[in-house]
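Enquirer: Got a structure for you, start02.json, holding JSON, C-alpha atoms.
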[["chain", "number", "residue", "atom", "x", "y", "z"],
["A", 1, "MET", "CA", -19.80, 6.25, -13.64],
["A", 2, "ASN", "CA", -18.29, 8.78, -11.25],
["A", 3, "VAL", "CA", -17.68, 6.01, -8.74],
["A", 4, "VAL", "CA", -15.99, 3.79, -11.31],
["A", 5, "ARG", "CA", -13.86, 6.72, -12.49],
["A", 6, "LEU", "CA", -12.96, 7.51, -8.89],
["A", 7, "ALA", "CA", -11.94, 3.92, -8.18],
["A", 8, "VAL", "CA", -9.95, 3.66, -11.43],
["A", 9, "ARG", "CA", -8.17, 6.95, -10.72],
["A", 10, "GLU", "CA", -7.33, 5.75, -7.21],
["A", 11, "PHE", "CA", -6.09, 2.44, -8.60],
["A", 12, "ILE", "CA", -3.80, 4.11, -11.15],
["A", 13, "GLY", "CA", -2.60, 6.60, -8.53],
["A", 14, "MET", "CA", -1.58, 3.66, -6.33],
["A", 15, "PHE", "CA", 1.25, 2.90, -8.74],
["A", 16, "GLY", "CA", 2.05, 6.11, -10.52],
["A", 17, "ASP", "CA", 1.34, 9.13, -8.35],
["A", 18, "ASP", "CA", 5.08, 9.65, -8.08],
["A", 19, "GLY", "CA", 5.72, 9.60, -11.84],
["A", 20, "ASN", "CA", 9.52, 9.54, -11.68],
["A", 21, "LEU", "CA", 9.71, 6.65, -9.25],
["A", 22, "ALA", "CA", 7.24, 4.59, -11.28],
["A", 23, "LEU", "CA", 8.91, 5.40, -14.60],
["A", 24, "LEU", "CA", 12.42, 4.56, -13.37],
["A", 25, "ALA", "CA", 11.20, 1.30, -11.78],
["A", 26, "LEU", "CA", 9.46, 0.28, -15.03],
["A", 27, "LEU", "CA", 12.56, 1.12, -17.07],
["A", 28, "LEU", "CA", 14.70, -0.92, -14.68],
["A", 29, "VAL", "CA", 12.40, -3.95, -14.95],
["A", 30, "ALA", "CA", 12.22, -3.61, -18.74],
["A", 31, "ALA", "CA", 16.02, -3.34, -19.09],
["A", 32, "ILE", "CA", 16.65, -6.37, -16.85],
["A", 33, "THR", "CA", 13.95, -8.46, -18.52],
["A", 34, "ALA", "CA", 15.33, -7.63, -21.97],
["A", 35, "SER", "CA", 18.87, -8.45, -20.83],
["A", 36, "VAL", "CA", 17.76, -11.84, -19.50],
["A", 37, "LYS", "CA", 15.69, -12.71, -22.58],
["A", 38, "PHE", "CA", 17.93, -11.36, -25.36],
["A", 39, "LEU", "CA", 21.45, -10.93, -23.94],
["A", 40, "ALA", "CA", 21.58, -14.19, -21.96],
["A", 41, "LEU", "CA", 22.04, -12.42, -18.63],
["A", 42, "PRO", "CA", 21.73, -15.12, -15.92],
["A", 43, "PRO", "CA", 18.24, -14.72, -14.34],
["A", 44, "LEU", "CA", 19.63, -14.81, -10.80],
["A", 45, "LEU", "CA", 22.01, -11.96, -11.64],
["A", 46, "GLY", "CA", 18.99, -10.17, -13.10],
["A", 47, "GLY", "CA", 17.19, -10.60, -9.76],
["A", 48, "VAL", "CA", 20.17, -9.24, -7.83],
["A", 49, "LEU", "CA", 20.43, -6.26, -10.21],
["A", 50, "LEU", "CA", 16.72, -5.66, -9.72],
["A", 51, "LEU", "CA", 17.24, -5.48, -5.94],
["A", 52, "ILE", "CA", 20.19, -3.10, -6.27],
["A", 53, "GLY", "CA", 18.39, -1.00, -8.89],
["A", 54, "CYS", "CA", 15.25, -0.63, -6.79],
["A", 55, "LEU", "CA", 17.32, 0.60, -3.84],
["A", 56, "ALA", "CA", 19.19, 3.06, -6.08],
["A", 57, "ILE", "CA", 15.89, 4.43, -7.43],
["A", 58, "LEU", "CA", 14.59, 4.78, -3.88],
["A", 59, "VAL", "CA", 17.67, 6.77, -2.83],
["A", 60, "GLN", "CA", 17.37, 9.03, -5.87],
["A", 61, "SER", "CA", 13.64, 9.60, -5.26],
["A", 62, "VAL", "CA", 13.90, 10.50, -1.57],
["A", 63, "ARG", "CA", 16.92, 12.72, -2.23],
["A", 64, "CYS", "CA", 14.91, 14.68, -4.82],
["A", 65, "ALA", "CA", 11.99, 15.00, -2.40],
["A", 66, "ALA", "CA", 14.26, 16.22, 0.41],
["A", 67, "ARG", "CA", 15.91, 18.76, -1.89],
["A", 68, "HIS", "CA", 12.55, 20.16, -2.93],
["A", 69, "GLN", "CA", 11.49, 20.75, 0.67],
["B", 1, "MET", "CA", 5.81, -21.56, -2.61],
["B", 2, "THR", "CA", 3.71, -23.27, 0.00],
["B", 3, "GLY", "CA", 6.08, -23.09, 2.95],
["B", 4, "PHE", "CA", 5.66, -21.50, 6.35],
["B", 5, "THR", "CA", 7.75, -18.37, 5.56],
["B", 6, "PRO", "CA", 5.67, -17.09, 2.63],
["B", 7, "THR", "CA", 2.38, -17.93, 4.35],
["B", 8, "ILE", "CA", 3.31, -15.93, 7.44],
["B", 9, "SER", "CA", 4.68, -13.12, 5.24],
["B", 10, "THR", "CA", 1.47, -13.05, 3.20],
["B", 11, "ILE", "CA", -0.80, -12.93, 6.26],
["B", 12, "THR", "CA", 1.38, -10.30, 7.97],
["B", 13, "ALA", "CA", 1.58, -8.06, 4.89],
["B", 14, "ALA", "CA", -2.18, -8.26, 4.29],
["B", 15, "PHE", "CA", -2.95, -7.67, 7.98],
["B", 16, "LEU", "CA", -0.65, -4.67, 8.45],
["B", 17, "ALA", "CA", -1.54, -2.99, 5.15],
["B", 18, "SER", "CA", -5.26, -3.48, 5.73],
["B", 19, "PHE", "CA", -4.95, -2.27, 9.33],
["B", 20, "VAL", "CA", -3.52, 1.08, 8.15],
["B", 21, "GLU", "CA", -6.14, 1.52, 5.43],
["B", 22, "VAL", "CA", -9.05, 0.52, 7.67],
["B", 23, "VAL", "CA", -7.90, 3.01, 10.33],
["B", 24, "GLU", "CA", -8.01, 5.80, 7.71],
["B", 25, "ALA", "CA", -11.45, 4.78, 6.43],
["B", 26, "PHE", "CA", -12.73, 4.36, 9.99],
["B", 27, "THR", "CA", -11.80, 7.99, 10.80],
["B", 28, "ILE", "CA", -14.13, 9.28, 8.07],
["B", 29, "VAL", "CA", -16.96, 6.83, 8.79],
["B", 30, "LEU", "CA", -16.75, 7.77, 12.48],
["B", 31, "ALA", "CA", -16.86, 11.47, 11.60],
["B", 32, "VAL", "CA", -20.01, 10.88, 9.53],
["B", 33, "GLY", "CA", -21.61, 8.76, 12.25],
["B", 34, "VAL", "CA", -20.85, 11.19, 15.07],
["B", 35, "THR", "CA", -21.57, 14.42, 13.18],
["B", 36, "ARG", "CA", -24.57, 13.42, 11.09],
["B", 37, "SER", "CA", -25.96, 10.01, 12.08],
["B", 38, "TRP", "CA", -24.94, 6.37, 11.92],
["B", 39, "ARG", "CA", -27.50, 5.46, 9.25],
["B", 40, "PRO", "CA", -25.78, 7.18, 6.27],
["B", 41, "ALA", "CA", -22.37, 6.26, 7.68],
["B", 42, "LEU", "CA", -23.16, 2.55, 7.82],
["B", 43, "ILE", "CA", -25.12, 2.47, 4.54],
["B", 44, "GLY", "CA", -22.29, 4.27, 2.69],
["B", 45, "ALA", "CA", -19.66, 1.96, 4.21],
["B", 46, "ALA", "CA", -21.71, -1.18, 3.52],
["B", 47, "LEU", "CA", -22.32, -0.22, -0.13],
["B", 48, "ALA", "CA", -18.60, 0.40, -0.64],
["B", 49, "LEU", "CA", -17.74, -2.95, 0.97],
["B", 50, "ALA", "CA", -20.28, -4.67, -1.31],
["B", 51, "LEU", "CA", -18.73, -3.01, -4.38],
["B", 52, "LEU", "CA", -15.23, -4.05, -3.27],
["B", 53, "ALA", "CA", -16.43, -7.63, -2.70],
["B", 54, "ALA", "CA", -17.93, -7.60, -6.21],
["B", 55, "LEU", "CA", -14.58, -6.43, -7.63],
["B", 56, "VAL", "CA", -12.76, -9.28, -5.89],
["B", 57, "LEU", "CA", -15.34, -11.83, -7.07],
["B", 58, "ALA", "CA", -15.20, -10.46, -10.62],
["B", 59, "PHE", "CA", -11.43, -10.20, -11.04],
["B", 60, "GLY", "CA", -10.20, -12.92, -8.64],
["B", 61, "PRO", "CA", -11.22, -15.92, -10.80],
["B", 62, "LEU", "CA", -9.83, -14.25, -13.95],
["B", 63, "LEU", "CA", -6.34, -14.36, -12.42],
["B", 64, "ALA", "CA", -6.53, -18.17, -12.31],
["B", 65, "LEU", "CA", -6.58, -18.12, -16.13],
["B", 66, "VAL", "CA", -3.22, -16.34, -16.35],
["B", 67, "PRO", "CA", -0.11, -18.59, -16.52],
["B", 68, "ILE", "CA", 1.70, -18.56, -13.18],
["B", 69, "THR", "CA", 5.03, -17.16, -14.43],
["B", 70, "VAL", "CA", 3.25, -14.30, -16.21],
["B", 71, "LEU", "CA", 1.15, -13.67, -13.11],
["B", 72, "GLN", "CA", 4.23, -13.64, -10.86],
["B", 73, "PHE", "CA", 5.96, -11.21, -13.15],
["B", 74, "VAL", "CA", 3.00, -8.80, -13.53],
["B", 75, "VAL", "CA", 2.07, -8.92, -9.84],
["B", 76, "GLY", "CA", 5.75, -8.58, -8.92],
["B", 77, "VAL", "CA", 6.16, -5.43, -11.00],
["B", 78, "LEU", "CA", 2.94, -3.92, -9.61],
["B", 79, "LEU", "CA", 4.09, -4.72, -6.08],
["B", 80, "ILE", "CA", 7.46, -3.05, -6.73],
["B", 81, "LEU", "CA", 5.67, 0.10, -7.92],
["B", 82, "PHE", "CA", 3.14, 0.06, -5.07],
["B", 83, "GLY", "CA", 5.56, -1.03, -2.33],
["B", 84, "MET", "CA", 8.27, 1.48, -3.27],
["B", 85, "ARG", "CA", 5.68, 4.27, -3.24],
["B", 86, "TRP", "CA", 4.68, 3.35, 0.34],
["B", 87, "LEU", "CA", 8.30, 2.89, 1.35],
["B", 88, "ARG", "CA", 9.33, 6.24, -0.13],
["B", 89, "LYS", "CA", 6.62, 8.10, 1.80],
["B", 90, "ALA", "CA", 7.37, 6.18, 5.00],
["B", 91, "ILE", "CA", 11.10, 6.99, 4.72],
["B", 92, "LEU", "CA", 10.37, 10.69, 4.11],
["B", 93, "ARG", "CA", 8.00, 10.75, 7.11],
["B", 94, "ALA", "CA", 10.41, 8.85, 9.36],
["B", 95, "ALA", "CA", 13.19, 11.29, 8.42],
["B", 96, "GLY", "CA", 10.88, 14.24, 9.10],
["B", 97, "VAL", "CA", 10.92, 15.54, 5.53],
["B", 98, "ILE", "CA", 7.13, 15.30, 5.18],
["B", 99, "ALA", "CA", 4.55, 15.46, 7.95],
["B", 100, "LEU", "CA", 2.92, 12.43, 9.54],
["B", 101, "ARG", "CA", -0.77, 11.88, 8.81],
["B", 102, "ASP", "CA", -2.81, 13.07, 11.77],
["B", 103, "GLU", "CA", -6.06, 11.12, 12.29],
["B", 104, "GLU", "CA", -7.40, 13.72, 14.76],
["B", 105, "ALA", "CA", -6.85, 16.44, 12.14],
["B", 106, "ALA", "CA", -8.49, 14.33, 9.41],
["B", 107, "PHE", "CA", -11.44, 13.74, 11.75],
["B", 108, "SER", "CA", -11.73, 17.48, 12.49],
["B", 109, "ARG", "CA", -11.59, 18.37, 8.78],
["B", 110, "GLU", "CA", -14.31, 15.86, 7.92],
["B", 111, "THR", "CA", -16.59, 16.91, 10.78],
["B", 112, "ALA", "CA", -16.16, 20.59, 9.77],
["B", 113, "VAL", "CA", -17.23, 19.76, 6.20],
["B", 114, "LEU", "CA", -20.21, 17.74, 7.42],
["B", 115, "ARG", "CA", -21.33, 20.55, 9.76],
["B", 116, "ARG", "CA", -21.22, 23.01, 6.87],
["B", 117, "GLN", "CA", -23.46, 20.63, 4.90],
["B", 118, "ALA", "CA", -25.85, 20.07, 7.82],
["B", 119, "SER", "CA", -28.48, 22.50, 6.52],
["B", 120, "HIS", "CA", -28.33, 21.08, 3.00],
["B", 121, "ARG", "CA", -31.54, 19.31, 1.97],
["B", 122, "ARG", "CA", -29.49, 16.27, 0.90],
["B", 123, "ALA", "CA", -27.22, 16.29, 3.97],
["B", 124, "ASP", "CA", -27.80, 12.60, 4.74],
["B", 125, "TYR", "CA", -27.00, 11.65, 1.16],
["B", 126, "LEU", "CA", -23.79, 13.74, 1.16],
["B", 127, "ALA", "CA", -22.75, 12.20, 4.48],
["B", 128, "GLY", "CA", -23.37, 8.72, 3.09],
["B", 129, "VAL", "CA", -21.33, 9.55, -0.01],
["B", 130, "ALA", "CA", -18.43, 10.71, 2.20],
["B", 131, "ALA", "CA", -18.46, 7.36, 4.05],
["B", 132, "PHE", "CA", -18.83, 5.45, 0.78],
["B", 133, "LYS", "CA", -15.88, 7.24, -0.86],
["B", 134, "ALA", "CA", -13.62, 6.81, 2.17],
["B", 135, "VAL", "CA", -14.25, 3.06, 2.38],
["B", 136, "LEU", "CA", -14.05, 2.59, -1.40],
["B", 137, "LEU", "CA", -10.81, 4.51, -1.88],
["B", 138, "GLU", "CA", -9.01, 2.92, 1.07],
["B", 139, "GLY", "CA", -10.57, -0.43, 0.19],
["B", 140, "VAL", "CA", -9.23, -0.41, -3.37],
["B", 141, "GLU", "CA", -5.72, -0.52, -1.91],
["B", 142, "VAL", "CA", -6.69, -3.36, 0.45],
["B", 143, "VAL", "CA", -8.20, -5.34, -2.44],
["B", 144, "PHE", "CA", -5.07, -4.88, -4.53],
["B", 145, "ILE", "CA", -2.80, -5.95, -1.67],
["B", 146, "VAL", "CA", -4.91, -9.03, -0.87],
["B", 147, "VAL", "CA", -5.15, -10.10, -4.51],
["B", 148, "ALA", "CA", -1.49, -9.30, -5.25],
["B", 149, "VAL", "CA", 0.21, -10.92, -2.26],
["B", 150, "GLY", "CA", -2.20, -13.85, -2.43],
["B", 151, "ALA", "CA", -2.57, -14.52, -6.13],
["B", 152, "ALA", "CA", 0.99, -15.15, -7.26],
["B", 153, "HIS", "CA", 1.26, -18.29, -5.12],
["B", 154, "GLY", "CA", -2.33, -19.30, -4.46],
["B", 155, "GLN", "CA", -2.53, -17.79, -0.98],
["B", 156, "THR", "CA", -5.48, -15.47, -1.52],
["B", 157, "LEU", "CA", -7.38, -17.16, 1.32],
["B", 158, "TYR", "CA", -4.57, -16.45, 3.82],
["B", 159, "ALA", "CA", -4.25, -12.87, 2.56],
["B", 160, "SER", "CA", -8.02, -12.38, 2.88],
["B", 161, "LEU", "CA", -7.95, -13.74, 6.43],
["B", 162, "GLY", "CA", -5.18, -11.29, 7.30],
["B", 163, "ALA", "CA", -7.23, -8.39, 5.90],
["B", 164, "LEU", "CA", -10.40, -9.59, 7.63],
["B", 165, "ALA", "CA", -8.56, -9.85, 10.95],
["B", 166, "ALA", "CA", -7.35, -6.26, 10.54],
["B", 167, "PHE", "CA", -10.88, -5.06, 9.74],
["B", 168, "VAL", "CA", -12.39, -6.80, 12.78],
["B", 169, "ARG", "CA", -9.60, -5.56, 15.06],
["B", 170, "VAL", "CA", -9.94, -1.91, 13.99],
["B", 171, "MET", "CA", -13.73, -2.06, 14.29],
["B", 172, "LEU", "CA", -13.58, -3.55, 17.79],
["B", 173, "ILE", "CA", -11.02, -1.01, 19.01],
["B", 174, "GLY", "CA", -12.68, 1.90, 17.22],
["B", 175, "LEU", "CA", -16.21, 1.16, 18.38],
["B", 176, "ALA", "CA", -14.97, 0.65, 21.95],
["B", 177, "LEU", "CA", -13.04, 3.95, 21.97],
["B", 178, "HIS", "CA", -15.56, 5.82, 19.79],
["B", 179, "ARG", "CA", -12.86, 8.20, 18.58],
["B", 180, "PRO", "CA", -10.22, 8.32, 15.82],
["B", 181, "LEU", "CA", -7.38, 5.86, 16.30],
["B", 182, "ALA", "CA", -4.76, 8.59, 16.44],
["B", 183, "ARG", "CA", -2.27, 6.62, 18.53],
["B", 184, "VAL", "CA", -1.82, 3.82, 16.03],
["B", 185, "PRO", "CA", 1.84, 4.04, 14.87],
["B", 186, "LYS", "CA", 0.75, 4.29, 11.27],
["B", 187, "ASN", "CA", 4.02, 5.36, 9.74],
["B", 188, "ALA", "CA", 5.86, 2.48, 11.41],
["B", 189, "LEU", "CA", 3.22, 0.10, 10.02],
["B", 190, "LYS", "CA", 3.44, 1.69, 6.58],
["B", 191, "PHE", "CA", 7.22, 1.39, 6.73],
["B", 192, "VAL", "CA", 7.00, -2.34, 7.44],
["B", 193, "VAL", "CA", 4.32, -2.86, 4.76],
["B", 194, "GLY", "CA", 6.38, -0.90, 2.21],
["B", 195, "LEU", "CA", 9.38, -3.10, 3.02],
["B", 196, "MET", "CA", 7.32, -6.28, 2.71],
["B", 197, "LEU", "CA", 5.56, -5.35, -0.54],
["B", 198, "THR", "CA", 8.80, -4.17, -2.16],
["B", 199, "SER", "CA", 10.50, -7.41, -1.09],
["B", 200, "PHE", "CA", 7.61, -9.52, -2.41],
["B", 201, "GLY", "CA", 7.77, -7.54, -5.66],
["B", 202, "ILE", "CA", 11.51, -8.06, -6.17],
["B", 203, "PHE", "CA", 11.24, -11.75, -5.24],
["B", 204, "TRP", "CA", 8.35, -12.47, -7.61],
["B", 205, "THR", "CA", 9.63, -10.36, -10.48],
["B", 206, "GLY", "CA", 12.90, -12.26, -10.11],
["B", 207, "GLU", "CA", 11.03, -15.57, -10.24],
["B", 208, "GLY", "CA", 9.05, -14.25, -13.21],
["B", 209, "ILE", "CA", 12.26, -13.71, -15.21],
["B", 210, "GLY", "CA", 13.46, -17.17, -14.23],
["B", 211, "ALA", "CA", 15.69, -16.49, -11.20],
["B", 212, "ASP", "CA", 16.15, -19.52, -8.98],
["B", 213, "TRP", "CA", 16.76, -17.68, -5.71],
["B", 214, "PRO", "CA", 19.28, -19.40, -3.40],
["B", 215, "GLY", "CA", 17.45, -20.83, -0.40],
["B", 216, "HIS", "CA", 14.17, -20.60, -2.36],
["B", 217, "ASP", "CA", 11.48, -19.08, -0.08],
["B", 218, "LEU", "CA", 14.06, -18.05, 2.52],
["B", 219, "ALA", "CA", 15.50, -15.65, -0.05],
["B", 220, "LEU", "CA", 12.39, -13.53, 0.61],
["B", 221, "LEU", "CA", 13.62, -12.94, 4.18],
["B", 222, "ALA", "CA", 17.10, -12.06, 2.93],
["B", 223, "ILE", "CA", 15.67, -9.57, 0.42],
["B", 224, "PHE", "CA", 13.49, -8.09, 3.18],
["B", 225, "ALA", "CA", 16.52, -7.72, 5.47],
["B", 226, "ILE", "CA", 18.58, -6.00, 2.75],
["B", 227, "VAL", "CA", 15.76, -3.60, 1.80],
["B", 228, "ALA", "CA", 15.11, -2.87, 5.51],
["B", 229, "LEU", "CA", 18.77, -2.15, 6.30],
["B", 230, "ALA", "CA", 19.07, 0.08, 3.24],
["B", 231, "SER", "CA", 15.87, 1.95, 4.13],
["B", 232, "PHE", "CA", 16.96, 2.61, 7.73],
["B", 233, "ALA", "CA", 20.31, 3.81, 6.41],
["B", 234, "ILE", "CA", 18.50, 6.17, 4.00],
["B", 235, "VAL", "CA", 16.46, 7.61, 6.91],
["B", 236, "ARG", "CA", 19.66, 8.30, 8.90],
["B", 237, "TRP", "CA", 21.37, 9.78, 5.87],
["B", 238, "LEU", "CA", 18.40, 12.09, 5.11],
["B", 239, "ARG", "CA", 18.36, 13.33, 8.71],
["B", 240, "SER", "CA", 22.03, 14.27, 8.57],
["B", 241, "ALA", "CA", 22.24, 15.45, 4.95],
["B", 242, "TYR", "CA", 19.06, 17.56, 4.79],
["B", 243, "PRO", "CA", 18.58, 19.15, 8.23],
["B", 244, "ALA", "CA", 17.11, 22.27, 6.57],
["B", 245, "ALA", "CA", 14.24, 20.30, 5.02],
["B", 246, "ILE", "CA", 13.52, 18.64, 8.37],
["B", 247, "GLY", "CA", 13.86, 21.93, 10.27],
["B", 248, "GLY", "CA", 11.45, 23.56, 7.82],
["B", 249, "LEU", "CA", 8.82, 21.00, 8.67],
["B", 250, "ALA", "CA", 9.38, 21.44, 12.39],
["B", 251, "ARG", "CA", 8.85, 25.18, 12.08]]
Would you write the structure of this file as structure tokens?
Expert:
Amino acid sequence: MNVVRLAVREFIGMFGDDGNLALLALLLVAAITASVKFLALPPLLGGVLLLIGCLAILVQSVRCAARHQ
Amino acid sequence: MTGFTPTISTITAAFLASFVEVVEAFTIVLAVGVTRSWRPALIGAALALALLAALVLAFGPLLALVPITVLQFVVGVLLILFGMRWLRKAILRAAGVIALRDEEAAFSRETAVLRRQASHRRADYLAGVAAFKAVLLEGVEVVFIVVAVGAAHGQTLYASLGALAAFVRVMLIGLALHRPLARVPKNALKFVVGLMLTSFGIFWTGEGIGADWPGHDLALLAIFAIVALASFAIVRWLRSAYPAAIGGLAR
């Protein structure tokens, strides 16, 4: 069981070991998906916003890391 | 998506990502083999590879049951999370904010641990477990990358071939040199892989929500170019805006 737990922990850590980055990315995807499904946002515009949003989250995350050094 | 662009992208992403992970696992297996003996090193590595193969065989066919748009969306989101994590670390390392991983140092740490355990009555077992864990933990990432970049558009075979090529290449180089592959430009590789996985993730999540990207598959290259340009700009900006953080690391 230790091995399975180890592999599962590693698998989860692959996506969420930087909690803020993962949380912001998930919120971004959720907001864009909801906007496309319920607010009739054009899907292509949703894709473009996803690209811009991911880059913005990346900037925010590395800036925080640099500040903490 | 059956064109040339995504196939090459899939193979390249799987190859580069697997290359980095196999180099890291190889360092530990080599340490076990050199310090203790090759028997526990190879048994531990082989058992981990068998477990990883079983995971692929167990979960791979299940993905075929998931509708393609749902699969693209889920895999896309996971690739965004995974790719941005790699990209973030690669940017911070390229800017000098965090230290580069040193394979020689990792090798020295592992050999020191194994030497301390040399007098233990279960030393062979502990050495085998070290090799097993290294291959399993690095291999989980390889399995995810192969399944993720391959599954969303039925290119698992190409992704697997890319990973297999990386494995064979590292083994041939590593066994010939018989020392850690410290000169592999790992951060540069991780940077490229982070860019590719993030781009794949954005492209597929976009398709998952119904986006009809202009240029279809070629849009993947455009997304990659935009993410790459932005990432290089972030590295330059970090170097100029946070010299204290970089200087602290240098000291």
Enquirer: Can I get the residues of chain A within 7 Å of chain B, each with the closest pair of atoms and their distance in Å to one decimal, using only C-alpha atoms, sorted chain first then ascending number, as a tab-separated table?
Expert:
residue	atom	partner	partner_atom	distance
A:Ala7	CA	B:Leu137	CA	6.4
A:Glu10	CA	B:Leu137	CA	6.5
A:Phe11	CA	B:Val140	CA	6.7
A:Met14	CA	B:Phe82	CA	6.1
A:Phe15	CA	B:Phe82	CA	5.0
A:Ala22	CA	B:Leu81	CA	5.8
A:Ala25	CA	B:Leu81	CA	6.8
A:Thr33	CA	B:Ile209	CA	6.4
A:Pro43	CA	B:Ala211	CA	4.4
A:Leu44	CA	B:Ala211	CA	4.3
A:Gly47	CA	B:Gly206	CA	4.6
A:Leu50	CA	B:Ile202	CA	6.7
A:Leu51	CA	B:Ile202	CA	6.3
A:Leu58	CA	B:Arg88	CA	6.6
A:Val59	CA	B:Ile234	CA	6.9
A:Val62	CA	B:Arg88	CA	6.4
A:Ala66	CA	B:Val97	CA	6.2
A:Gln69	CA	B:Ala245	CA	5.2
Enquirer: Given the selection you just returned, output its residues as a file containing C-alpha atoms, formatted as a CSV table (one decimal), in the coordinates of the input.
Expert:
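What ended up in out-v2.csv:
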chain,number,residue,atom,x,y,z
A,7,ALA,CA,-11.9,3.9,-8.2
A,10,GLU,CA,-7.3,5.8,-7.2
A,11,PHE,CA,-6.1,2.4,-8.6
A,14,MET,CA,-1.6,3.7,-6.3
A,15,PHE,CA,1.2,2.9,-8.7
A,22,ALA,CA,7.2,4.6,-11.3
A,25,ALA,CA,11.2,1.3,-11.8
A,33,THR,CA,14.0,-8.5,-18.5
A,43,PRO,CA,18.2,-14.7,-14.3
A,44,LEU,CA,19.6,-14.8,-10.8
A,47,GLY,CA,17.2,-10.6,-9.8
A,50,LEU,CA,16.7,-5.7,-9.7
A,51,LEU,CA,17.2,-5.5,-5.9
A,58,LEU,CA,14.6,4.8,-3.9
A,59,VAL,CA,17.7,6.8,-2.8
A,62,VAL,CA,13.9,10.5,-1.6
A,66,ALA,CA,14.3,16.2,0.4
A,69,GLN,CA,11.5,20.8,0.7
Enquirer: Go ahead and find all residues with at least one atom no further than 8 Å from (-10.9, 4.7, 13.9) in the file's coordinates, using only C-alpha atoms; report them as a ChimeraX atom specification.
Expert: /B:22-27,30,170-171,173-175,178-182
Enquirer: Quick one, how far is atom CA of B:Ala159 from atom CA of B:Ile11?
Expert: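 That distance, rounded to one decimal, is 5.1 Å.
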Enquirer: Work out how far atom CA of B:Val147 is from atom CA of B:Leu55, in Å to one decimal.
Expert: 10.6 Å
Enquirer: Mind pulling up the distance from atom CA of B:Ala118 to atom CA of B:Glu104?
Expert: 20.7 Å
Enquirer: Using all atoms listed in the file, can you tell me which of B:Ala165, B:Ile28, B:Leu195, B:Ala228 comes closest to B:Ser108?
Expert: B:Ile28
Enquirer: When distances are computed from all atoms listed in the file, which of B:Ala94, B:Ala46, B:Leu189, B:Val143 shows the smallest separation from B:Phe232?
Expert: B:Ala94
Enquirer: May I have the protein, DNA and RNA residues with an atom at most 10 Å from (11.9, -12.0, 8.5), counting all atoms listed in the file in the file's coordinates, returned as a compact mmCIF listing (two decimals) with C-alpha atoms, in the coordinates of the input?
Expert:
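Output file selection_31.txt is given in full below:
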# COMPACT_ATOMS: atom_id res chain seq x y z
CA THR B 5 7.75 -18.37 5.56
CA PRO B 6 5.67 -17.09 2.63
CA ILE B 8 3.31 -15.93 7.44
CA SER B 9 4.68 -13.12 5.24
CA MET B 196 7.32 -6.28 2.71
CA LEU B 218 14.06 -18.05 2.52
CA ALA B 219 15.50 -15.65 -0.05
CA LEU B 220 12.39 -13.53 0.61
CA LEU B 221 13.62 -12.94 4.18
CA ALA B 222 17.10 -12.06 2.93
CA ILE B 223 15.67 -9.57 0.42
CA PHE B 224 13.49 -8.09 3.18
CA ALA B 225 16.52 -7.72 5.47
Enquirer: Please provide the set of residues having any atom within 8 Å of B:Val142, restricted to all atoms listed in the file, with same-chain residues fewer than 4 positions apart removed, written as a PyMOL selection string.
Expert: chain B and resi 14+17-18+21+138+146+163
Enquirer: Write out N, CA and C atoms for stretch 47-57 of chain B, as a short mmCIF file (atom, residue, chain, number, x, y, z; two decimals), in the coordinates of the input.
Expert:
data_model
loop_
_atom_site.label_atom_id
_atom_site.label_comp_id
_atom_site.auth_asym_id
_atom_site.auth_seq_id
_atom_site.Cartn_x
_atom_site.Cartn_y
_atom_site.Cartn_z
N LEU B 47 -22.27 -0.20 1.34
CA LEU B 47 -22.32 -0.22 -0.13
C LEU B 47 -20.91 -0.31 -0.73
N ALA B 48 -19.98 0.44 -0.14
CA ALA B 48 -18.60 0.40 -0.64
C ALA B 48 -18.00 -0.99 -0.44
N LEU B 49 -18.26 -1.60 0.72
CA LEU B 49 -17.74 -2.95 0.97
C LEU B 49 -18.33 -3.95 -0.03
N ALA B 50 -19.64 -3.77 -0.34
CA ALA B 50 -20.28 -4.67 -1.31
C ALA B 50 -19.64 -4.51 -2.69
N LEU B 51 -19.35 -3.26 -3.07
CA LEU B 51 -18.73 -3.01 -4.38
C LEU B 51 -17.32 -3.62 -4.43
N LEU B 52 -16.59 -3.48 -3.32
CA LEU B 52 -15.23 -4.05 -3.27
C LEU B 52 -15.29 -5.57 -3.36
N ALA B 53 -16.27 -6.17 -2.65
CA ALA B 53 -16.43 -7.63 -2.70
C ALA B 53 -16.74 -8.07 -4.14
N ALA B 54 -17.59 -7.28 -4.81
CA ALA B 54 -17.93 -7.60 -6.21
C ALA B 54 -16.69 -7.53 -7.10
N LEU B 55 -15.83 -6.54 -6.84
CA LEU B 55 -14.58 -6.43 -7.63
C LEU B 55 -13.71 -7.66 -7.44
N VAL B 56 -13.58 -8.09 -6.17
CA VAL B 56 -12.76 -9.28 -5.89
C VAL B 56 -13.35 -10.51 -6.58
N LEU B 57 -14.69 -10.66 -6.47
CA LEU B 57 -15.34 -11.83 -7.07
C LEU B 57 -15.25 -11.79 -8.60
#
